[in-house]
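coords_38.cif (mmCIF, C-alpha atoms and all ligand atoms) appears below.
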data_entry
#
loop_
_atom_site.label_atom_id
_atom_site.label_comp_id
_atom_site.auth_asym_id
_atom_site.auth_seq_id
_atom_site.Cartn_x
_atom_site.Cartn_y
_atom_site.Cartn_z
CA MET A 1 108.94 -25.70 -154.69
CA LYS A 2 108.40 -29.36 -155.46
CA PHE A 3 105.10 -31.12 -154.91
CA ILE A 4 104.81 -34.67 -153.63
CA ASP A 5 103.36 -35.89 -156.92
CA GLU A 6 106.42 -34.62 -158.80
CA VAL A 7 108.98 -36.66 -156.89
CA GLU A 8 109.48 -40.30 -156.03
CA ILE A 9 108.93 -40.82 -152.30
CA SER A 10 108.47 -44.35 -151.00
CA ASN A 11 109.41 -46.38 -147.94
CA LYS A 12 110.24 -43.23 -146.00
CA LYS A 13 109.27 -41.81 -142.65
CA ILE A 14 107.49 -38.63 -143.55
CA ILE A 15 106.64 -35.80 -141.19
CA VAL A 16 103.48 -34.26 -142.60
CA ARG A 17 102.33 -30.86 -141.37
CA VAL A 18 98.60 -30.53 -141.87
CA ASP A 19 96.06 -28.01 -140.68
CA PHE A 20 93.60 -29.82 -138.43
CA ASN A 21 92.62 -26.62 -136.65
CA VAL A 22 88.93 -27.55 -136.80
CA PRO A 23 86.14 -25.70 -135.01
CA LEU A 24 85.02 -27.57 -131.88
CA ASN A 25 81.65 -27.58 -130.14
CA GLN A 26 81.37 -26.82 -126.43
CA ASP A 27 81.52 -30.55 -125.65
CA LYS A 28 84.75 -30.85 -127.71
CA THR A 29 83.11 -32.71 -130.57
CA ILE A 30 84.09 -31.50 -134.04
CA ALA A 31 81.73 -28.87 -135.46
CA ASN A 32 83.08 -29.12 -139.01
CA ASP A 33 85.69 -31.57 -140.28
CA GLN A 34 86.35 -30.08 -143.71
CA ARG A 35 90.02 -29.50 -142.86
CA ILE A 36 90.45 -33.18 -142.02
CA LYS A 37 88.76 -34.23 -145.27
CA ASP A 38 90.93 -31.79 -147.23
CA SER A 39 94.09 -33.50 -146.01
CA ILE A 40 93.08 -37.00 -147.15
CA PRO A 41 94.34 -36.74 -150.77
CA SER A 42 97.93 -36.07 -149.62
CA LEU A 43 97.84 -38.56 -146.75
CA SER A 44 96.41 -41.33 -148.94
CA TYR A 45 98.85 -40.55 -151.72
CA LEU A 46 101.83 -40.89 -149.38
CA LEU A 47 100.44 -44.01 -147.70
CA ASP A 48 99.86 -45.66 -151.08
CA GLN A 49 103.60 -45.29 -151.75
CA ASP A 50 104.37 -47.31 -148.60
CA ASN A 51 105.49 -44.43 -146.47
CA GLN A 52 105.08 -44.09 -142.74
CA LEU A 53 103.45 -40.85 -141.65
CA ILE A 54 104.06 -38.74 -138.58
CA ILE A 55 101.30 -36.15 -138.67
CA ILE A 56 101.66 -32.74 -137.03
CA SER A 57 98.99 -30.09 -136.51
CA HIS A 58 98.00 -27.32 -134.15
CA LEU A 59 94.53 -26.80 -132.70
CA GLY A 60 93.34 -23.52 -131.22
CA ARG A 61 95.65 -21.31 -129.19
CA PRO A 62 96.71 -23.21 -126.06
CA LYS A 63 99.31 -21.36 -123.95
CA THR A 64 100.74 -24.61 -122.65
CA ARG A 65 99.77 -28.30 -122.50
CA ASP A 66 96.01 -28.18 -122.02
CA ALA A 67 93.72 -31.19 -122.42
CA SER A 68 90.89 -29.06 -123.78
CA PHE A 69 93.04 -28.47 -126.90
CA SER A 70 93.91 -32.13 -127.38
CA LEU A 71 93.91 -33.49 -130.92
CA TRP A 72 92.21 -36.62 -129.63
CA PRO A 73 88.81 -35.87 -131.30
CA VAL A 74 90.68 -35.14 -134.53
CA ALA A 75 92.68 -38.39 -134.42
CA HIS A 76 89.42 -40.21 -133.83
CA ARG A 77 87.79 -38.57 -136.86
CA LEU A 78 90.85 -39.15 -139.05
CA GLN A 79 90.62 -42.83 -138.15
CA LYS A 80 87.17 -42.84 -139.76
CA TYR A 81 88.62 -41.52 -143.05
CA LEU A 82 91.61 -43.91 -143.03
CA PRO A 83 89.96 -47.10 -141.81
CA GLU A 84 92.74 -49.42 -143.05
CA TYR A 85 95.25 -47.85 -140.69
CA ASN A 86 95.55 -47.86 -136.94
CA ILE A 87 96.14 -44.23 -135.98
CA LYS A 88 98.14 -43.61 -132.83
CA LEU A 89 98.10 -40.24 -131.09
CA ILE A 90 101.37 -39.63 -129.26
CA ASP A 91 100.87 -37.69 -126.07
CA ASP A 92 104.43 -36.35 -125.86
CA PHE A 93 106.96 -37.27 -128.55
CA LEU A 94 109.80 -35.89 -126.43
CA THR A 95 109.46 -38.73 -123.95
CA GLY A 96 111.32 -41.23 -126.13
CA ASN A 97 109.67 -44.57 -125.33
CA ASN A 98 106.29 -43.03 -126.09
CA ILE A 99 107.08 -42.79 -129.78
CA THR A 100 109.43 -45.78 -130.14
CA SER A 101 106.73 -48.11 -128.81
CA HIS A 102 104.55 -47.03 -131.73
CA SER A 103 107.28 -46.80 -134.34
CA PHE A 104 105.76 -49.75 -136.25
CA ASN A 105 102.49 -47.84 -136.79
CA LYS A 106 101.92 -46.56 -140.32
CA VAL A 107 100.16 -43.45 -139.09
CA ILE A 108 101.32 -41.64 -135.99
CA MET A 109 99.94 -38.29 -134.96
CA LEU A 110 101.66 -35.97 -132.51
CA GLU A 111 99.64 -34.07 -129.92
CA ASN A 112 98.87 -30.40 -130.59
CA ILE A 113 102.19 -28.91 -131.65
CA ARG A 114 101.34 -25.71 -129.77
CA PHE A 115 101.73 -27.69 -126.53
CA TYR A 116 105.44 -27.11 -127.14
CA GLU A 117 106.99 -23.67 -126.53
CA GLY A 118 109.54 -24.31 -129.26
CA GLU A 119 106.84 -24.29 -131.94
CA ASP A 120 105.97 -20.59 -131.91
CA LYS A 121 109.52 -19.63 -130.98
CA ASN A 122 110.84 -21.59 -133.94
CA ASP A 123 113.47 -22.83 -131.53
CA PRO A 124 116.35 -24.66 -133.33
CA LYS A 125 116.63 -27.31 -130.62
CA PHE A 126 112.94 -28.10 -130.94
CA VAL A 127 113.21 -28.09 -134.73
CA ASN A 128 115.92 -30.76 -134.50
CA GLN A 129 113.89 -32.85 -132.06
CA LEU A 130 110.98 -32.76 -134.51
CA ALA A 131 113.12 -33.37 -137.58
CA SER A 132 114.77 -36.41 -135.97
CA LEU A 133 111.43 -38.24 -136.17
CA GLY A 134 111.52 -38.54 -139.97
CA ASP A 135 113.49 -38.61 -143.23
CA ILE A 136 111.36 -36.15 -145.19
CA PHE A 137 109.07 -33.23 -144.46
CA VAL A 138 105.84 -32.53 -146.31
CA ASN A 139 103.89 -29.34 -145.71
CA ASP A 140 100.22 -29.50 -146.63
CA ALA A 141 99.00 -26.88 -144.16
CA PHE A 142 98.31 -23.98 -146.49
CA ALA A 143 96.22 -22.30 -143.78
CA ALA A 144 99.26 -22.15 -141.46
CA CYS A 145 101.83 -21.05 -144.08
CA HIS A 146 101.68 -17.42 -142.95
CA ARG A 147 103.30 -18.51 -139.67
CA ASP A 148 107.05 -18.60 -139.15
CA THR A 149 107.13 -21.51 -136.70
CA ALA A 150 109.15 -24.69 -136.10
CA SER A 151 106.72 -27.04 -137.86
CA ILE A 152 106.17 -24.69 -140.82
CA THR A 153 109.46 -22.99 -141.67
CA GLY A 154 112.07 -24.24 -139.15
CA ILE A 155 111.90 -27.89 -140.11
CA THR A 156 112.46 -27.19 -143.83
CA LYS A 157 116.06 -26.30 -142.95
CA ALA A 158 116.59 -29.72 -141.40
CA LEU A 159 114.96 -32.11 -143.87
CA PRO A 160 114.30 -32.44 -147.61
CA SER A 161 110.92 -30.75 -147.90
CA TYR A 162 108.01 -30.85 -150.31
CA ALA A 163 104.55 -29.37 -150.64
CA GLY A 164 101.37 -31.45 -150.49
CA LEU A 165 98.38 -31.63 -152.79
CA LEU A 166 96.19 -29.22 -150.84
CA ILE A 167 98.86 -26.54 -151.07
CA LYS A 168 99.14 -27.28 -154.78
CA LYS A 169 95.41 -26.83 -155.27
CA GLU A 170 95.21 -23.63 -153.22
CA ILE A 171 98.14 -21.89 -154.88
CA ASN A 172 97.07 -22.87 -158.37
CA ILE A 173 93.66 -21.30 -157.86
CA LEU A 174 94.95 -18.21 -156.06
CA ASN A 175 97.80 -17.62 -158.51
CA LYS A 176 95.33 -17.59 -161.36
CA ILE A 177 93.34 -14.91 -159.53
CA ILE A 178 96.28 -12.65 -158.75
CA LYS A 179 98.32 -13.16 -161.91
CA ASP A 180 95.91 -13.82 -164.74
CA PRO A 181 92.27 -13.28 -163.80
CA GLN A 182 89.44 -13.13 -166.30
CA LYS A 183 88.06 -9.61 -166.32
CA PRO A 184 86.03 -7.91 -165.05
CA VAL A 185 87.24 -8.76 -161.55
CA VAL A 186 84.95 -7.84 -158.67
CA ALA A 187 86.30 -7.99 -155.11
CA ILE A 188 83.94 -7.77 -152.17
CA ILE A 189 85.85 -6.93 -149.00
CA ALA A 190 84.00 -6.50 -145.74
CA GLY A 191 84.21 -7.64 -142.14
CA SER A 192 84.97 -5.80 -138.98
CA LYS A 193 88.24 -3.87 -139.24
CA ILE A 194 89.78 -1.77 -141.99
CA SER A 195 93.17 -1.81 -140.25
CA THR A 196 93.56 -5.57 -140.84
CA LYS A 197 92.49 -5.43 -144.48
CA VAL A 198 93.94 -2.20 -145.84
CA GLY A 199 96.88 -4.05 -147.43
CA LEU A 200 94.51 -6.47 -149.07
CA ILE A 201 92.31 -3.71 -150.49
CA GLU A 202 95.41 -1.89 -151.76
CA ARG A 203 96.49 -5.04 -153.51
CA PHE A 204 93.05 -5.36 -155.09
CA CYS A 205 93.45 -1.85 -156.47
CA ASP A 206 95.96 -3.52 -158.83
CA ILE A 207 93.85 -6.59 -159.59
CA ALA A 208 90.16 -5.70 -159.47
CA ASP A 209 87.91 -3.61 -161.67
CA TYR A 210 85.45 -2.97 -158.85
CA ILE A 211 85.92 -3.15 -155.09
CA LEU A 212 82.71 -3.41 -153.08
CA LEU A 213 83.03 -2.62 -149.39
CA GLY A 214 80.75 -3.33 -146.46
CA GLY A 215 80.66 -4.18 -142.77
CA GLY A 216 82.51 -2.36 -140.02
CA LEU A 217 85.41 -1.54 -142.33
CA ALA A 218 83.10 0.41 -144.65
CA ASN A 219 81.92 2.42 -141.62
CA THR A 220 85.47 3.67 -141.07
CA LEU A 221 85.75 4.66 -144.73
CA LEU A 222 82.35 6.40 -144.61
CA ALA A 223 83.47 8.31 -141.52
CA ALA A 224 86.74 9.25 -143.24
CA GLN A 225 84.67 10.73 -146.08
CA GLY A 226 82.89 12.90 -143.53
CA ASN A 227 79.69 10.91 -143.10
CA GLN A 228 77.97 10.72 -139.75
CA ILE A 229 78.02 7.06 -138.63
CA GLY A 230 76.59 7.45 -135.13
CA LYS A 231 77.42 4.59 -132.78
CA SER A 232 78.43 2.17 -135.56
CA LEU A 233 81.49 -0.03 -135.20
CA ALA A 234 84.48 1.84 -136.65
CA GLU A 235 88.16 2.45 -135.98
CA PRO A 236 88.81 6.13 -135.30
CA ASP A 237 92.55 5.41 -135.20
CA ALA A 238 92.44 4.11 -138.77
CA ILE A 239 90.84 7.21 -140.35
CA GLU A 240 94.15 8.37 -141.75
CA GLN A 241 94.85 4.94 -143.25
CA ALA A 242 91.35 5.01 -144.71
CA LEU A 243 91.89 8.40 -146.32
CA LYS A 244 95.16 7.22 -147.87
CA LEU A 245 93.39 4.20 -149.29
CA LEU A 246 90.62 6.32 -150.80
CA ASP A 247 93.26 8.55 -152.39
CA GLN A 248 95.19 5.64 -153.78
CA ALA A 249 92.11 4.10 -155.36
CA LYS A 250 91.31 7.44 -156.97
CA ILE A 251 94.83 7.68 -158.44
CA LYS A 252 94.57 4.14 -159.78
CA ASN A 253 91.07 4.90 -161.02
CA ILE A 254 89.56 1.89 -159.24
CA PRO A 255 86.06 2.44 -157.92
CA LEU A 256 85.84 1.71 -154.17
CA ILE A 257 82.11 1.31 -153.80
CA LEU A 258 80.66 2.00 -150.37
CA PRO A 259 77.15 1.28 -149.06
CA THR A 260 74.52 3.95 -149.77
CA ASP A 261 71.98 2.61 -147.28
CA SER A 262 71.96 0.51 -144.15
CA VAL A 263 69.95 -1.50 -141.67
CA THR A 264 70.41 -0.09 -138.19
CA ILE A 265 70.24 -1.74 -134.76
CA THR A 266 66.53 -0.88 -134.55
CA THR A 267 66.13 -2.84 -137.84
CA GLU A 268 65.18 0.34 -139.73
CA THR A 269 66.44 0.85 -143.27
CA LYS A 270 68.23 4.21 -143.52
CA PRO A 271 70.20 5.98 -146.24
CA ILE A 272 73.80 6.60 -145.13
CA SER A 273 73.13 10.33 -145.49
CA ASN A 274 70.47 10.05 -142.75
CA ILE A 275 72.41 8.22 -140.04
CA GLY A 276 71.91 10.03 -136.74
CA PRO A 277 74.15 10.20 -133.68
CA GLU A 278 72.27 7.35 -131.93
CA ASP A 279 72.12 5.02 -134.95
CA LYS A 280 74.24 1.91 -135.28
CA ILE A 281 74.81 0.41 -138.74
CA MET A 282 74.44 -3.39 -138.60
CA ASP A 283 74.03 -4.39 -142.25
CA ILE A 284 73.91 -3.02 -145.78
CA GLY A 285 70.44 -1.91 -146.89
CA PRO A 286 68.33 -3.14 -149.86
CA GLN A 287 69.51 -0.43 -152.26
CA THR A 288 73.16 -1.35 -151.62
CA GLN A 289 72.33 -5.05 -151.92
CA GLU A 290 70.81 -4.40 -155.32
CA GLN A 291 73.67 -2.23 -156.54
CA PHE A 292 76.30 -4.75 -155.36
CA ALA A 293 74.36 -7.66 -156.91
CA LYS A 294 74.24 -5.84 -160.24
CA ILE A 295 78.00 -5.34 -160.31
CA ILE A 296 78.60 -8.94 -159.20
CA SER A 297 76.41 -10.18 -162.07
CA THR A 298 78.81 -8.60 -164.61
CA ALA A 299 81.94 -10.25 -163.17
CA LYS A 300 84.06 -12.99 -164.71
CA THR A 301 86.09 -13.30 -161.50
CA ILE A 302 84.73 -12.75 -158.00
CA ILE A 303 86.68 -12.71 -154.74
CA TRP A 304 84.78 -12.32 -151.51
CA ASN A 305 86.11 -11.89 -147.99
CA GLY A 306 84.14 -10.56 -145.04
CA PRO A 307 80.48 -10.53 -144.02
CA VAL A 308 78.81 -7.19 -144.88
CA GLY A 309 76.75 -7.20 -141.68
CA VAL A 310 76.49 -8.68 -138.21
CA PHE A 311 75.40 -11.99 -139.72
CA GLU A 312 75.52 -13.78 -136.35
CA ASP A 313 72.17 -12.11 -135.65
CA PRO A 314 69.58 -13.34 -138.17
CA ARG A 315 68.07 -9.83 -138.37
CA PHE A 316 71.34 -8.53 -139.84
CA ARG A 317 72.38 -11.27 -142.25
CA LYS A 318 70.24 -10.28 -145.24
CA GLY A 319 73.05 -8.28 -146.81
CA THR A 320 75.54 -11.14 -146.49
CA ASP A 321 72.96 -13.54 -147.94
CA ALA A 322 72.30 -11.13 -150.84
CA ILE A 323 76.03 -11.07 -151.69
CA TYR A 324 76.09 -14.86 -151.51
CA GLU A 325 73.01 -15.22 -153.73
CA ALA A 326 74.47 -12.81 -156.31
CA ILE A 327 77.71 -14.80 -156.41
CA ILE A 328 76.09 -18.20 -156.91
CA ALA A 329 73.69 -16.72 -159.50
CA ASN A 330 76.66 -15.72 -161.68
CA SER A 331 77.51 -19.03 -163.33
CA GLN A 332 79.98 -17.53 -165.82
CA ALA A 333 82.37 -16.31 -163.12
CA THR A 334 85.18 -18.02 -161.23
CA SER A 335 84.38 -17.35 -157.60
CA ILE A 336 86.59 -17.57 -154.54
CA VAL A 337 85.35 -17.12 -151.01
CA GLY A 338 87.64 -17.00 -147.99
CA GLY A 339 87.84 -15.89 -144.37
CA GLY A 340 86.88 -17.69 -141.18
CA ASP A 341 83.73 -15.69 -140.47
CA THR A 342 82.72 -15.50 -144.11
CA ILE A 343 82.82 -19.26 -144.40
CA SER A 344 80.83 -19.80 -141.23
CA ALA A 345 78.31 -17.20 -142.45
CA ILE A 346 77.55 -19.22 -145.59
CA ALA A 347 78.19 -22.74 -144.28
CA GLU A 348 74.50 -23.61 -143.94
CA ASN A 349 73.37 -21.90 -147.16
CA PRO A 350 72.17 -24.09 -150.01
CA GLY A 351 74.22 -23.95 -153.22
CA THR A 352 77.79 -23.67 -151.88
CA GLU A 353 78.86 -26.14 -154.60
CA LYS A 354 78.28 -23.34 -157.11
CA ILE A 355 81.25 -21.45 -155.68
CA THR A 356 84.44 -22.37 -157.53
CA HIS A 357 86.62 -22.44 -154.44
CA ILE A 358 85.90 -21.93 -150.77
CA SER A 359 89.32 -21.46 -149.21
CA PRO A 360 89.60 -22.91 -145.72
CA ALA A 361 92.67 -20.76 -145.17
CA GLY A 362 91.45 -17.47 -143.74
CA GLY A 363 94.51 -15.42 -142.82
CA ALA A 364 96.87 -17.33 -145.10
CA MET A 365 94.71 -16.77 -148.18
CA LEU A 366 94.44 -13.06 -147.50
CA GLU A 367 98.19 -12.74 -146.90
CA PHE A 368 98.95 -14.76 -150.02
CA ILE A 369 96.97 -12.29 -152.13
CA GLU A 370 98.29 -9.27 -150.26
CA ASN A 371 101.94 -10.39 -150.61
CA ASN A 372 101.60 -11.41 -154.22
CA GLY A 373 101.99 -15.13 -153.64
CA HIS A 374 104.54 -15.06 -150.84
CA LEU A 375 104.08 -16.70 -147.45
CA PRO A 376 106.87 -17.72 -145.04
CA GLY A 377 105.88 -21.40 -145.22
CA LEU A 378 105.86 -21.44 -149.03
CA ASP A 379 109.01 -19.38 -149.41
CA SER A 380 110.90 -21.74 -147.10
CA LEU A 381 109.89 -24.68 -149.31
CA ASP A 382 111.21 -22.73 -152.32
CA THR A 383 114.58 -21.98 -150.75
CA GLN A 384 114.83 -25.53 -149.51
CA THR A 385 114.35 -27.12 -152.92
CA ASN A 386 116.67 -24.66 -154.68
CA SER A 387 119.53 -25.38 -152.31
CA ASN A 388 119.35 -29.12 -152.92
P1 LIG B 1 86.56 -12.90 -141.94
O1 LIG B 1 86.86 -13.75 -140.73
O2 LIG B 1 85.65 -13.61 -142.88
O3 LIG B 1 87.81 -12.38 -142.59
P2 LIG B 1 86.15 -10.57 -140.30
O4 LIG B 1 86.70 -11.29 -139.12
O5 LIG B 1 86.93 -9.47 -140.89
O6 LIG B 1 85.73 -11.62 -141.44
O7 LIG B 1 84.75 -9.92 -139.90
C1 LIG B 1 83.67 -10.66 -139.43
C2 LIG B 1 82.92 -9.89 -138.37
O8 LIG B 1 82.53 -8.62 -138.84
C3 LIG B 1 81.65 -10.61 -137.96
O9 LIG B 1 81.76 -11.02 -136.61
C4 LIG B 1 80.56 -9.55 -138.16
O10 LIG B 1 79.61 -9.54 -137.09
C5 LIG B 1 81.35 -8.27 -138.17
N1 LIG B 1 80.63 -7.20 -138.83
C6 LIG B 1 80.23 -7.10 -140.11
N2 LIG B 1 79.54 -5.96 -140.31
C7 LIG B 1 79.50 -5.30 -139.14
C8 LIG B 1 78.92 -4.06 -138.71
N3 LIG B 1 78.24 -3.29 -139.52
N4 LIG B 1 79.07 -3.73 -137.42
C9 LIG B 1 79.76 -4.54 -136.57
N5 LIG B 1 80.32 -5.70 -136.91
C10 LIG B 1 80.20 -6.08 -138.19
MG MG B 2 87.31 -13.26 -138.72
#
Turn the structure described in the file into structure tokens.
Amino acid sequence: MKFIDEVEISNKKIIVRVDFNVPLNQDKTIANDQRIKDSIPSLSYLLDQDNQLIIISHLGRPKTRDASFSLWPVAHRLQKYLPEYNIKLIDDFLTGNNITSHSFNKVIMLENIRFYEGEDKNDPKFVNQLASLGDIFVNDAFAACHRDTASITGITKALPSYAGLLIKKEINILNKIIKDPQKPVVAIIAGSKISTKVGLIERFCDIADYILLGGGLANTLLAAQGNQIGKSLAEPDAIEQALKLLDQAKIKNIPLILPTDSVTITTETKPISNIGPEDKIMDIGPQTQEQFAKIISTAKTIIWNGPVGVFEDPRFRKGTDAIYEAIIANSQATSIVGGGDTISAIAENPGTEKITHISPAGGAMLEFIENNGHLPGLDSLDTQTNSN
């Protein structure tokens, strides 16, 4: 894979795939524009070399063309960050005169690429229609690299392709964690479902010295161990998977550390051994918070994904806040936090600058770790560069 700062690219028409999948408020204003800000280093770099940019992104999950998923608010915000350029949003690049009438613009942005069926289908005809807009392709959408779609993998077969600076930053940090981390490594994995994170936890059995577990996924593991969990969120269908995971960790001699107490729906603190049939575990309890914080304080590398409680309700976010506080209190450790809900859980907390890296790429970051550095979007950039 070649990065844009390792090659000479000037006076070209560059198709740049970014991830502008920002959270929107009800009134369609942008709730958080971090993803737009994160793309500026690559965009500015390419513009400084006198290139013309055709920017592609998706937003949300529209089934078809749908104005409520328009990139218009995003184009408007991007304009604020690139004030020297006149940014044109192209409603439909397939209607030819639409794009040719703006071909003199230095920065063109296409409407939500998911408005086109060919995107998710990775349809070769659509790939060629996209590729015909430029001379070069640059992928800087790390957060979308786990998708095998036209604007991520398909287009790399049609154009010389390079990776942008955000991808460079993300993979440098994540590679360090999975290939050469400073020990001890503490992974905190929580969130709702064990079935979606079993591969990740397995992978951490090879990387981490301690794995701390919480949230709904810990409930399933507790149930698999024979604990009563009452009406707590769990996945009965994943019990077998959970047992296999517990076995594997034992063989590898990696401690999988589960909560010993909880806060239930009635806001009572209860030891796990005392959960009754009507109880519902909503958060980790104070004893677990303390134990987890102690282990986190010994770490040289910390990776955290998943809220340990139903943080959306302020009564059940103390556990998640305790994990956060323990991480920022450990100034000797490299810390990485990722996951859509995890990031929104801590977004308003003071001190986020003390975290080494907050990865905006939820699913992609987790898959990158799980697959030992491989993602379809990155692999296709590798193959592409090798064959040239
Ligand atoms: P991320 O997006 O950071 O990867 P997940 O999507 O896996 O995280 O999980 C986040 C969700 O898990 C949150 O909506 C939170 O309410 C839920 N959750 C955490 N603990 C519990 C619990 N004990 N019971 C039910 N839901 C939980
Ligand atoms: Mg989530």
Using only the atoms of segment 65-75 of chain A listed in the file, plus 5 Å on each side, state the axis-aligned box centre and edge lengths in Å rounded to one decimal, as JSON.
{"center_x": 94.3, "center_y": -33.3, "center_z": -128.3, "size_x": 21.0, "size_y": 20.2, "size_z": 22.5}
Please report as JSON lines every residue of chain A lying within 10 Å of ligand LIG 1 (chain B), along with the nearest atom pair and their distance in Å (one decimal), using all atoms listed in the file.
{"residue": "A:Ile189", "atom": "CA", "partner": "B:LIG1", "partner_atom": "O5", "distance": 8.6}
{"residue": "A:Ala190", "atom": "CA", "partner": "B:LIG1", "partner_atom": "O5", "distance": 6.4}
{"residue": "A:Gly191", "atom": "CA", "partner": "B:LIG1", "partner_atom": "O7", "distance": 3.2}
{"residue": "A:Ser192", "atom": "CA", "partner": "B:LIG1", "partner_atom": "O8", "distance": 3.7}
{"residue": "A:Lys193", "atom": "CA", "partner": "B:LIG1", "partner_atom": "O5", "distance": 6.0}
{"residue": "A:Ile194", "atom": "CA", "partner": "B:LIG1", "partner_atom": "O5", "distance": 8.3}
{"residue": "A:Ser195", "atom": "CA", "partner": "B:LIG1", "partner_atom": "O5", "distance": 9.9}
{"residue": "A:Thr196", "atom": "CA", "partner": "B:LIG1", "partner_atom": "O5", "distance": 7.7}
{"residue": "A:Lys197", "atom": "CA", "partner": "B:LIG1", "partner_atom": "O5", "distance": 7.8}
{"residue": "A:Gly214", "atom": "CA", "partner": "B:LIG1", "partner_atom": "N2", "distance": 6.8}
{"residue": "A:Gly215", "atom": "CA", "partner": "B:LIG1", "partner_atom": "N2", "distance": 3.2}
{"residue": "A:Gly216", "atom": "CA", "partner": "B:LIG1", "partner_atom": "C8", "distance": 4.2}
{"residue": "A:Leu217", "atom": "CA", "partner": "B:LIG1", "partner_atom": "N2", "distance": 7.6}
{"residue": "A:Ala218", "atom": "CA", "partner": "B:LIG1", "partner_atom": "N3", "distance": 8.0}
{"residue": "A:Asn219", "atom": "CA", "partner": "B:LIG1", "partner_atom": "N3", "distance": 7.1}
{"residue": "A:Lys231", "atom": "CA", "partner": "B:LIG1", "partner_atom": "N4", "distance": 9.7}
{"residue": "A:Ser232", "atom": "CA", "partner": "B:LIG1", "partner_atom": "N4", "distance": 6.2}
{"residue": "A:Leu233", "atom": "CA", "partner": "B:LIG1", "partner_atom": "N4", "distance": 4.9}
{"residue": "A:Ala234", "atom": "CA", "partner": "B:LIG1", "partner_atom": "N4", "distance": 7.8}
{"residue": "A:Ser262", "atom": "CA", "partner": "B:LIG1", "partner_atom": "N3", "distance": 8.7}
{"residue": "A:Val263", "atom": "CA", "partner": "B:LIG1", "partner_atom": "N3", "distance": 8.7}
{"residue": "A:Thr264", "atom": "CA", "partner": "B:LIG1", "partner_atom": "N3", "distance": 8.6}
{"residue": "A:Ile265", "atom": "CA", "partner": "B:LIG1", "partner_atom": "N4", "distance": 9.4}
{"residue": "A:Lys280", "atom": "CA", "partner": "B:LIG1", "partner_atom": "N4", "distance": 7.7}
{"residue": "A:Ile281", "atom": "CA", "partner": "B:LIG1", "partner_atom": "N3", "distance": 5.1}
{"residue": "A:Met282", "atom": "CA", "partner": "B:LIG1", "partner_atom": "N3", "distance": 3.9}
{"residue": "A:Asp283", "atom": "CA", "partner": "B:LIG1", "partner_atom": "N3", "distance": 5.1}
{"residue": "A:Ile284", "atom": "CA", "partner": "B:LIG1", "partner_atom": "N3", "distance": 7.6}
{"residue": "A:Trp304", "atom": "CA", "partner": "B:LIG1", "partner_atom": "O2", "distance": 8.8}
{"residue": "A:Asn305", "atom": "CA", "partner": "B:LIG1", "partner_atom": "O2", "distance": 5.4}
{"residue": "A:Gly306", "atom": "CA", "partner": "B:LIG1", "partner_atom": "O2", "distance": 4.0}
{"residue": "A:Pro307", "atom": "CA", "partner": "B:LIG1", "partner_atom": "C6", "distance": 5.2}
{"residue": "A:Val308", "atom": "CA", "partner": "B:LIG1", "partner_atom": "N2", "distance": 4.8}
{"residue": "A:Gly309", "atom": "CA", "partner": "B:LIG1", "partner_atom": "N2", "distance": 3.3}
{"residue": "A:Val310", "atom": "CA", "partner": "B:LIG1", "partner_atom": "O10", "distance": 3.4}
{"residue": "A:Phe311", "atom": "CA", "partner": "B:LIG1", "partner_atom": "O10", "distance": 5.5}
{"residue": "A:Glu312", "atom": "CA", "partner": "B:LIG1", "partner_atom": "O10", "distance": 5.9}
{"residue": "A:Asp313", "atom": "CA", "partner": "B:LIG1", "partner_atom": "O10", "distance": 8.0}
{"residue": "A:Phe316", "atom": "CA", "partner": "B:LIG1", "partner_atom": "N2", "distance": 8.6}
{"residue": "A:Arg317", "atom": "CA", "partner": "B:LIG1", "partner_atom": "O10", "distance": 9.0}
{"residue": "A:Gly319", "atom": "CA", "partner": "B:LIG1", "partner_atom": "N2", "distance": 9.5}
{"residue": "A:Thr320", "atom": "CA", "partner": "B:LIG1", "partner_atom": "C6", "distance": 8.9}
{"residue": "A:Val337", "atom": "CA", "partner": "B:LIG1", "partner_atom": "O2", "distance": 8.9}
{"residue": "A:Gly338", "atom": "CA", "partner": "B:LIG1", "partner_atom": "O2", "distance": 6.4}
{"residue": "A:Gly339", "atom": "CA", "partner": "B:LIG1", "partner_atom": "O2", "distance": 3.5}
{"residue": "A:Gly340", "atom": "CA", "partner": "B:LIG1", "partner_atom": "O1", "distance": 4.0}
{"residue": "A:Asp341", "atom": "CA", "partner": "B:LIG1", "partner_atom": "O1", "distance": 3.7}
{"residue": "A:Thr342", "atom": "CA", "partner": "B:LIG1", "partner_atom": "O2", "distance": 3.7}
{"residue": "A:Ile343", "atom": "CA", "partner": "B:LIG1", "partner_atom": "O2", "distance": 6.5}
{"residue": "A:Ser344", "atom": "CA", "partner": "B:LIG1", "partner_atom": "O2", "distance": 8.0}
{"residue": "A:Ala345", "atom": "CA", "partner": "B:LIG1", "partner_atom": "O2", "distance": 8.2}
{"residue": "A:Gly362", "atom": "CA", "partner": "B:LIG1", "partner_atom": "O3", "distance": 6.4}
{"residue": "A:Gly363", "atom": "CA", "partner": "B:LIG1", "partner_atom": "O3", "distance": 7.4}
{"residue": "A:Met365", "atom": "CA", "partner": "B:LIG1", "partner_atom": "O3", "distance": 9.9}
{"residue": "A:Leu366", "atom": "CA", "partner": "B:LIG1", "partner_atom": "O3", "distance": 8.3}
Determine, for each residue of segment 47-101 of chain A having at least one atom at most 8 Å from an atom of segment 29-39 of chain A, the closest pair of atoms and their separation in Å to one decimal, counting only C-alpha atoms; order by chain and ascending number, as a tab-separated table.
residue	atom	partner	partner_atom	distance
A:Pro73	CA	A:Thr29	CA	6.6
A:Val74	CA	A:Ile30	CA	7.5
A:Arg77	CA	A:Ile36	CA	7.9
A:Leu78	CA	A:Ile36	CA	6.7
A:Tyr81	CA	A:Lys37	CA	7.6
